[in-house]
>>> print(open('work_7.pdb').read())   # PDB, C-alpha atoms
MODEL        1
ATOM      1  CA  MET A   8       0.435  -9.082  -3.765
ATOM      2  CA  THR A   9      -3.249  -8.307  -3.518
ATOM      3  CA  VAL A  10      -4.635  -4.854  -2.969
ATOM      4  CA  GLU A  11      -5.873  -5.919   0.474
ATOM      5  CA  LYS A  12      -2.376  -6.991   1.542
ATOM      6  CA  ALA A  13      -0.880  -3.799   0.129
ATOM      7  CA  TYR A  14      -3.419  -1.740   2.065
ATOM      8  CA  THR A  15      -2.667  -3.647   5.274
ATOM      9  CA  ALA A  16       1.064  -3.007   4.760
ATOM     10  CA  TRP A  17       0.346   0.668   4.054
ATOM     11  CA  ARG A  18      -1.698   1.022   7.261
ATOM     12  CA  ALA A  19       1.093  -0.643   9.258
ATOM     13  CA  PHE A  20       3.675   1.727   7.725
ATOM     14  CA  GLN A  21       1.542   4.731   8.647
ATOM     15  CA  GLU A  22       0.925   3.556  12.202
ATOM     16  CA  ARG A  23       4.398   2.216  12.987
ATOM     17  CA  ILE A  24       6.621   4.652  11.098
ATOM     18  CA  LEU A  25       4.840   7.859  10.052
ATOM     19  CA  ALA A  26       2.858   8.417  13.260
ATOM     20  CA  PRO A  27       5.908   8.154  15.577
ATOM     21  CA  VAL A  28       7.991  10.373  13.264
ATOM     22  CA  ALA A  29       5.230  13.017  13.251
ATOM     23  CA  ALA A  30       4.974  12.769  17.053
ATOM     24  CA  VAL A  31       8.740  13.202  17.469
ATOM     25  CA  LEU A  32       8.683  16.249  15.183
ATOM     26  CA  PHE A  33       5.820  17.789  17.206
ATOM     27  CA  VAL A  34       7.393  17.074  20.597
ATOM     28  CA  GLY A  35      10.866  18.125  19.437
ATOM     29  CA  SER A  36       9.655  21.400  17.960
ATOM     30  CA  THR A  37       7.594  22.110  21.085
ATOM     31  CA  LEU A  38      10.610  21.544  23.313
ATOM     32  CA  LEU A  39      12.764  23.677  21.019
ATOM     33  CA  ALA A  40      10.148  26.460  21.133
ATOM     34  CA  LEU A  41      10.018  26.306  24.950
ATOM     35  CA  LEU A  42      13.816  26.420  25.090
ATOM     36  CA  GLU A  43      13.807  29.457  22.821
ATOM     37  CA  VAL A  44      11.175  31.218  24.956
ATOM     38  CA  GLY A  45      13.181  30.504  28.106
ATOM     39  CA  ARG A  46      16.438  31.581  26.532
ATOM     40  CA  ARG A  47      14.943  34.740  25.022
ATOM     41  CA  TYR A  48      12.929  35.982  28.011
ATOM     42  CA  VAL A  49      14.936  34.609  30.931
ATOM     43  CA  LEU A  50      18.493  34.868  29.636
ATOM     44  CA  GLY A  51      17.945  37.604  27.056
ATOM     45  CA  ARG A  52      19.558  35.548  24.292
ATOM     46  CA  SER A  53      18.053  34.169  21.144
ATOM     47  CA  PHE A  54      19.232  32.159  18.158
ATOM     48  CA  GLU A  55      17.764  33.049  14.784
ATOM     49  CA  TRP A  56      17.992  29.456  13.594
ATOM     50  CA  GLN A  57      15.630  28.235  16.308
ATOM     51  CA  ALA A  58      12.664  30.102  14.833
ATOM     52  CA  ASP A  59      13.331  28.411  11.486
ATOM     53  CA  ALA A  60      13.766  25.025  13.128
ATOM     54  CA  VAL A  61      10.517  25.304  15.078
ATOM     55  CA  THR A  62       8.563  26.489  12.029
ATOM     56  CA  PHE A  63       9.848  23.880   9.619
ATOM     57  CA  PHE A  64       9.752  20.980  12.095
ATOM     58  CA  ILE A  65       6.151  21.802  13.000
ATOM     59  CA  LEU A  66       5.186  22.056   9.327
ATOM     60  CA  SER A  67       6.878  18.723   8.620
ATOM     61  CA  GLY A  68       5.001  17.097  11.503
ATOM     62  CA  VAL A  69       1.683  18.627  10.454
ATOM     63  CA  PHE A  70       1.907  17.353   6.899
ATOM     64  CA  LEU A  71       2.989  13.895   8.032
ATOM     65  CA  TYR A  72       0.018  13.894  10.401
ATOM     66  CA  PHE A  73      -2.288  14.976   7.553
ATOM     67  CA  SER A  74      -1.049  12.048   5.502
ATOM     68  CA  ILE A  75      -2.113   9.735   8.330
ATOM     69  CA  SER A  76      -5.437  11.447   9.083
ATOM     70  CA  GLN A  77      -6.401  11.194   5.412
ATOM     71  CA  ARG A  78      -6.803   7.443   5.888
ATOM     72  CA  ARG A  79      -9.617   7.979   8.352
ATOM     73  CA  GLU A  80     -11.132  10.544   6.027
ATOM     74  CA  ALA A  81     -10.421  13.230   8.589
ATOM     75  CA  HIS A  82      -8.705  15.475   6.059
ATOM     76  CA  LEU A  83      -9.604  16.699   2.567
ATOM     77  CA  THR A  84     -13.063  15.215   2.800
ATOM     78  CA  VAL A  85     -16.056  16.585   0.951
ATOM     79  CA  THR A  86     -18.997  16.307   3.316
ATOM     80  CA  LEU A  87     -21.574  19.043   2.725
ATOM     81  CA  ILE A  88     -23.121  17.797  -0.530
ATOM     82  CA  PRO A  89     -22.970  14.055   0.337
ATOM     83  CA  GLU A  90     -24.556  14.697   3.744
ATOM     84  CA  LEU A  91     -27.282  16.774   2.133
ATOM     85  CA  PHE A  92     -27.927  14.032  -0.443
ATOM     86  CA  ASN A  93     -28.008  11.381   2.307
ATOM     87  CA  VAL A  94     -30.834  13.290   4.022
ATOM     88  CA  PHE A  95     -33.017  12.801   0.947
ATOM     89  CA  GLY A  96     -32.314   9.043   0.921
ATOM     90  CA  GLY A  97     -32.884   6.625  -1.962
ATOM     91  CA  ARG A  98     -31.042   7.446  -5.156
ATOM     92  CA  TRP A  99     -29.666  10.567  -3.546
ATOM     93  CA  ARG A 100     -27.470   8.348  -1.344
ATOM     94  CA  ALA A 101     -25.972   6.784  -4.458
ATOM     95  CA  ALA A 102     -25.398  10.286  -5.828
ATOM     96  CA  ALA A 103     -23.659  11.202  -2.545
ATOM     97  CA  VAL A 104     -21.248   8.297  -3.005
ATOM     98  CA  VAL A 105     -20.522   9.386  -6.587
ATOM     99  CA  VAL A 106     -19.923  13.007  -5.546
ATOM    100  CA  LYS A 107     -17.554  11.903  -2.809
ATOM    101  CA  LEU A 108     -15.742   9.558  -5.222
ATOM    102  CA  ILE A 109     -15.325  12.349  -7.800
ATOM    103  CA  ALA A 110     -13.971  14.706  -5.140
ATOM    104  CA  LEU A 111     -11.609  12.003  -3.906
ATOM    105  CA  ALA A 112     -10.355  11.283  -7.434
ATOM    106  CA  TYR A 113      -9.834  15.005  -8.061
ATOM    107  CA  SER A 114      -7.956  15.370  -4.743
ATOM    108  CA  CYS A 115      -5.781  12.361  -5.534
ATOM    109  CA  ALA A 116      -4.929  13.752  -8.975
ATOM    110  CA  PHE A 117      -4.136  17.112  -7.383
ATOM    111  CA  MET A 118      -1.776  15.516  -4.844
ATOM    112  CA  ILE A 119      -0.027  13.553  -7.586
ATOM    113  CA  ALA A 120       0.387  16.766  -9.601
ATOM    114  CA  VAL A 121       1.803  18.601  -6.570
ATOM    115  CA  VAL A 122       4.357  15.849  -6.038
ATOM    116  CA  TRP A 123       5.216  15.647  -9.747
ATOM    117  CA  TRP A 124       5.750  19.388 -10.106
ATOM    118  CA  GLY A 125       7.341  19.701  -6.669
ATOM    119  CA  LEU A 126      10.176  17.276  -7.380
ATOM    120  CA  PRO A 127      12.075  19.838  -9.506
ATOM    121  CA  GLU A 128      11.775  22.281  -6.582
ATOM    122  CA  VAL A 129      13.569  19.816  -4.325
ATOM    123  CA  GLU A 130      16.198  19.218  -7.010
ATOM    124  CA  ASP A 131      16.695  22.976  -7.447
ATOM    125  CA  SER A 132      16.914  23.423  -3.684
ATOM    126  CA  ILE A 133      19.723  20.870  -3.578
ATOM    127  CA  LYS A 134      21.422  22.217  -6.715
ATOM    128  CA  TYR A 135      21.368  25.864  -5.633
ATOM    129  CA  GLU A 136      21.826  25.075  -1.938
ATOM    130  CA  SER A 137      18.707  27.012  -0.902
ATOM    131  CA  ARG A 138      18.565  27.726   2.802
ATOM    132  CA  THR A 139      16.007  28.821   5.367
ATOM    133  CA  GLU A 140      15.669  32.488   6.275
ATOM    134  CA  SER A 141      18.297  32.279   9.017
ATOM    135  CA  LEU A 142      20.591  30.425   6.585
ATOM    136  CA  ALA A 143      21.073  27.721   9.219
ATOM    137  CA  PHE A 144      19.209  24.883   7.485
ATOM    138  CA  PRO A 145      19.072  23.638   3.915
ATOM    139  CA  MET A 146      15.538  23.813   2.475
ATOM    140  CA  TRP A 147      15.536  20.510   0.621
ATOM    141  CA  PRO A 148      14.797  18.212   3.612
ATOM    142  CA  PHE A 149      11.692  20.202   4.485
ATOM    143  CA  LEU A 150      10.523  20.308   0.872
ATOM    144  CA  ALA A 151      11.178  16.569   0.548
ATOM    145  CA  ILE A 152       9.127  15.812   3.685
ATOM    146  CA  LEU A 153       6.320  17.988   2.364
ATOM    147  CA  LEU A 154       6.280  16.140  -0.976
ATOM    148  CA  PHE A 155       6.580  12.785   0.777
ATOM    149  CA  SER A 156       3.533  13.682   2.889
ATOM    150  CA  PHE A 157       1.561  14.639  -0.227
ATOM    151  CA  ALA A 158       2.607  11.371  -1.872
ATOM    152  CA  CYS A 159       1.389   9.485   1.216
ATOM    153  CA  MET A 160      -1.947  11.293   0.974
ATOM    154  CA  ALA A 161      -2.215  10.348  -2.713
ATOM    155  CA  ILE A 162      -1.491   6.697  -1.934
ATOM    156  CA  THR A 163      -4.126   6.684   0.782
ATOM    157  CA  MET A 164      -6.617   8.324  -1.568
ATOM    158  CA  ALA A 165      -5.900   5.700  -4.227
ATOM    159  CA  PHE A 166      -6.830   2.991  -1.708
ATOM    160  CA  GLN A 167      -9.957   4.966  -0.759
ATOM    161  CA  ILE A 168     -10.938   5.261  -4.418
ATOM    162  CA  TYR A 169     -10.486   1.509  -4.817
ATOM    163  CA  ARG A 170     -12.653   0.859  -1.729
ATOM    164  CA  ALA A 171     -15.349   3.253  -2.956
ATOM    165  CA  VAL A 172     -15.459   1.674  -6.423
ATOM    166  CA  GLN A 173     -15.646  -1.791  -4.894
ATOM    167  CA  ALA A 174     -18.456  -0.639  -2.588
ATOM    168  CA  MET A 175     -20.371   0.724  -5.599
ATOM    169  CA  ARG A 176     -19.961  -2.695  -7.210
ATOM    170  CA  GLY A 177     -21.425  -4.337  -4.109
ATOM    171  CA  ARG A 178     -18.126  -5.747  -2.853
ATOM    172  CA  THR A 179     -16.630  -5.133   0.557
ATOM    173  CA  VAL A 180     -12.854  -4.980   0.714
ATOM    174  CA  LEU A 181     -10.218  -3.006   2.526
ATOM    175  CA  GLU A 182     -12.401  -2.086   5.458
ATOM    176  CA  GLU A 183     -10.804   0.307   7.883
ATOM    177  CA  PRO A 184     -10.494  -1.297  11.334
ATOM    178  CA  ALA A 185     -12.921   0.079  13.901
ATOM    179  CA  GLU A 186     -11.452   2.437  16.466
ATOM    180  CA  LYS A 187     -11.497   1.221  20.033
ATOM    181  CA  MET A 188     -13.114   3.455  22.600
ATOM    182  CA  ASP A 189      -9.826   4.050  24.450
ATOM    183  CA  GLY A 190      -8.180   5.388  21.263
ATOM    184  CA  THR A 191      -5.814   2.460  20.712
ATOM    185  CA  HIS A 192      -5.681   0.489  17.484
TER     186      HIS A 192
ENDMDL
END
>>> encode(input="work_7.pdb", output="structure tokens")
Amino acid sequence: MTVEKAYTAWRAFQERILAPVAAVLFVGSTLLALLEVGRRYVLGRSFEWQADAVTFFILSGVFLYFSISQRREAHLTVTLIPELFNVFGGRWRAAAVVVKLIALAYSCAFMIAVVWWGLPEVEDSIKYESRTESLAFPMWPFLAILLFSFACMAITMAFQIYRAVQAMRGRTVLEEPAEKMDGTH
């Protein structure tokens, strides 16, 4: 399988699986929060577990969304120095590409390290049956989603590093499809 085909499959996975899951988590947690507000202020009753559910579902959705937005370089992007270098033009533009590539490589390595060192946390959470503050939910699913999201970001960054290196070599591969004006893909 070529890198281009792998990247196409990765984009499809993000758009067809991760994006809907993140959307469901956001909508579900919003509805749960509204239910809690109604129950608490209209009926005078509240469930401790709902605060945990809303918090952890929103966090899970946010990190899944970040893993998708990374592909469009809308997250974890270094822009100040490259933009400044681009203003000067010439060789400074090449330096801007190098700075961005170094930052991307560092970010990718950081995400890989977070996942690597986070795996024992998930294992410990399962082993010791760690629970949320209200004791209603086990912690491991939320930790696993968090690590999965970081792993997705690292994979996306690896593709971005490949694209940047190929661009520096004068080759064009793995171009991100242009966004349509109406927001559809």
>>> residues_around(input="work_7.pdb", residues="segment 129-139 of chain A", least_positions_apart="6", cutoff="7 Å", atoms="all atoms listed in the file", output="MDAnalysis selection string")
chainID A and resid 59 145:147 150:151
>>> write_last_selection(input="work_7.pdb", atoms="C-alpha atoms", output="mmCIF file, in the frame of the given file")
data_model
loop_
_atom_site.group_PDB
_atom_site.id
_atom_site.type_symbol
_atom_site.label_atom_id
_atom_site.label_comp_id
_atom_site.auth_asym_id
_atom_site.auth_seq_id
_atom_site.Cartn_x
_atom_site.Cartn_y
_atom_site.Cartn_z
ATOM 1 C CA ASP A 59 13.331 28.411 11.486
ATOM 2 C CA PRO A 145 19.072 23.638 3.915
ATOM 3 C CA MET A 146 15.538 23.813 2.475
ATOM 4 C CA TRP A 147 15.536 20.510 0.621
ATOM 5 C CA LEU A 150 10.523 20.308 0.872
ATOM 6 C CA ALA A 151 11.178 16.569 0.548
#
>>> resolve_selection(input="work_7.pdb", expression="the PyMOL selection byres ((chain A and resi 68) around 9)", output="compact mmCIF listing (two decimals) with C-alpha atoms, in the frame of the given file")
# COMPACT_ATOMS: atom_id res chain seq x y z
CA VAL A 28 7.99 10.37 13.26
CA ALA A 29 5.23 13.02 13.25
CA ALA A 30 4.97 12.77 17.05
CA VAL A 31 8.74 13.20 17.47
CA LEU A 32 8.68 16.25 15.18
CA PHE A 33 5.82 17.79 17.21
CA PHE A 63 9.85 23.88 9.62
CA PHE A 64 9.75 20.98 12.10
CA ILE A 65 6.15 21.80 13.00
CA LEU A 66 5.19 22.06 9.33
CA SER A 67 6.88 18.72 8.62
CA VAL A 69 1.68 18.63 10.45
CA PHE A 70 1.91 17.35 6.90
CA LEU A 71 2.99 13.90 8.03
CA TYR A 72 0.02 13.89 10.40
CA PHE A 73 -2.29 14.98 7.55
CA ILE A 152 9.13 15.81 3.68
>>> resolve_selection(input="work_7.pdb", expression="the PyMOL selection byres ((chain A and resi 100-117) around 9)", output="JSON, numbers by chain")
{"A": [83, 84, 85, 86, 88, 89, 90, 91, 92, 93, 94, 95, 96, 97, 98, 99, 118, 119, 120, 121, 122, 160, 161, 162, 163, 164, 165, 167, 168, 171, 172, 175]}
>>> residues_around(input="work_7.pdb", residues="Gln21 of chain A", least_positions_apart="2", cutoff="12 Å", atoms="all atoms listed in the file", output="ChimeraX atom specification")
/A:14-19,23-29,71-79,156,159-160,162-163
>>> closest_residue(input="work_7.pdb", among="A:Gly35, A:Glu43, A:Gly125, A:Phe20", to="Glu55 of chain A", atoms="all atoms listed in the file")
A:Glu43
>>> atom_distance(input="work_7.pdb", atom1="atom CA of Ala60 of chain A", atom2="atom CA of Val44 of chain A")
13.6 Å
>>> residues_around(input="work_7.pdb", residues="Phe54 of chain A", least_positions_apart="4", cutoff="12 Å", atoms="all atoms listed in the file", output="list in words")
Leu39, Ala40, Leu42, Glu43, Val44, Gly45, Arg46, Arg47, Leu50, Ala58, Asp59, Ala60, Val61, Ser141, Leu142 and Ala143 of chain A
>>> axis_aligned_box(input="work_7.pdb", around="segment 91-99 of chain A", padding_each_side="6 Å", output="lines of an AutoDock Vina configuration file")
center_x = -30.1
center_y = 11.7
center_z = -0.6
size_x = 17.7
size_y = 22.1
size_z = 21.2
>>> atom_distance(input="work_7.pdb", atom1="atom CA of Ser53 of chain A", atom2="atom CA of Phe144 of chain A")
16.6 Å
>>> atom_distance(input="work_7.pdb", atom1="atom CA of Thr9 of chain A", atom2="atom CA of Arg178 of chain A")
15.1 Å
